[in-house]
Amino acid sequence: MGKIIALANQKGGVGKTTTTINLAASLATLEKTVLVVDADPQANASSGLGIDLNEIDCSLYECIIDQADVHDAVYTTDINGLDIIPSHIDLVGAEIEMLNIKNRERVVKNMLEQIRDDYDYILIDCSPSLGLITVNALTAADSVIIPVQCEYFALEGITKLLNTIKIIKSKLNPSLEIEGFLLTMFDSRLRLANQIYDEVKRHFQELVFKTVIQRNVKLSESPGHGIPVILYDADSVGSKNHMALAKEIINKNATRDNAADNTAND
């Protein structure tokens with residue numbers, strides 16, 4: 001059964017979409033089957049994986065509002081084993097349209113349960129808000145990755161997000177866990193970046209990923225070409241960082257699964 005991971009932070013510009021695209025590509029390169037769900041109306045994850053939004057007949061919007069078959073919304077990418085459910089600008093108004101839907105917080109969860117077994121990992125790229133679509137993503141997810149930008153106000157808003165996660169755990173998804181806090185846009189030459197790393201590490205300790213995503217020109221350029229950085233420049237720092245993150249997540253989950261199996265056997 002595939003693991004569903006949401007990437008969330010209501011603060012914009014922290015690297016959610018960049019991480020989603022490149023983590024997904026790295027996991028697929030490591031021979032995992034991966035689905036990206038683009039839950040952001042800006043649809044940057046879709047275009048960043050080479051999807052022509054003008055040629056999309058069925059997107060996440062149609063699945064949520066029109067109850068379209070989720071299989072019709074799955075598109076392949078240039079990377080073997082990596083698929084995507086694209087977004088659409090219409091998703092902006094979906095939250096209002098969803099108000100009349102029964103169990104509206106669980107629409108995405110019910111949708112993904114139909115295809116969960118087809119993938120090792122399902123990554124949901126959330127929009128920079130804590131609206132109903134993000135609530136849906138967190139209700140559907142097993143865990144959440146929280147990207148944190150290594151700049152001023154990095155921790156601003158995290159308290160609000162953690163509070164939202166706490167509410168969702170208590171009301172909608174008791175098994176939701178924090179997969180980890182991911183430091184992004186890290187520049188080791190800057191004292192501020194190192195201070196923020198230390199601060200996040202002090203606050204969240206073992207929940208902080210060992211891997212840090214460094215500032216990298218190739219990482220910034222690759223979405224403009226509609227491909228992940230691993231296809232744009234496999235030797236770049238950005239590519240190596242995301243490959244390290246993918247390995248860390250795979251190892252972390254393998255360790256967790258083994259511990260759960262041992263507990264069950266005892």
# chains A, B, ... in the order shown; residues from 1 in each chain; ligands from 1
>>> select_by_dssp(residues="range 6-212 of chain A", states="strand (DSSP E)", output="PyMOL selection string")
chain A and resi 6-7+34-39+75-76+82-85+121-126+143-149+177-184
>>> residues_around(residues="Leu53 in chain A", least_positions_apart="6", cutoff="10 Å", atoms="only C-alpha atoms", output="VMD selection string")
chain A and resid 43 46 to 47 59 86 to 89
>>> residues_around(residues="Val237 in chain A", least_positions_apart="2", cutoff="12 Å", atoms="only C-alpha atoms", output="list in words")
Met185, Phe186, Asp187, Thr211, Val212, Ile213, Gln214, Arg215, Asn216, Val217, Lys218, Leu219, Ser220, Val229, Ile230, Tyr232, Asp233, Ala234, Asp235, Ser239, Lys240, Asn241, His242, Met243 and Ala244 of chain A
>>> closest_residue(among="A:Val108, A:Asp142, A:Leu27, A:Asp117", to="Leu245 in chain A", atoms="only C-alpha atoms")
A:Leu27
>>> residues_around(residues="Lys252 in chain A", least_positions_apart="3", cutoff="12 Å", atoms="only C-alpha atoms", output="list in words")
Glu179, Gly180, Glu206, Leu207, Phe209, Lys210, Leu245, Ala246, Lys247, Glu248, Ile249, Thr255, Arg256, Asp257, Asn258 and Ala259 of chain A
>>> select_by_dssp(residues="range 13-262 of chain A", states="alpha helix (DSSP H)", output="VMD selection string")
chain A and resid 16 to 29 44 to 48 60 to 65 91 to 97 107 to 113 132 to 140 158 to 171 191 to 204 217 to 221 229 to 232 237 to 262
>>> closest_atom_pairs(of="range 73-135 of chain A", to="range 14-23 of chain A", cutoff="8 Å", atoms="only C-alpha atoms", output="Markdown table")
| residue | atom | partner | partner_atom | distance |
| --- | --- | --- | --- | --- |
| A:Leu123 | CA | A:Thr20 | CA | 6.7 |
| A:Ile124 | CA | A:Thr20 | CA | 7.6 |
| A:Asp125 | CA | A:Thr17 | CA | 6.1 |
| A:Cys126 | CA | A:Lys16 | CA | 7.7 |
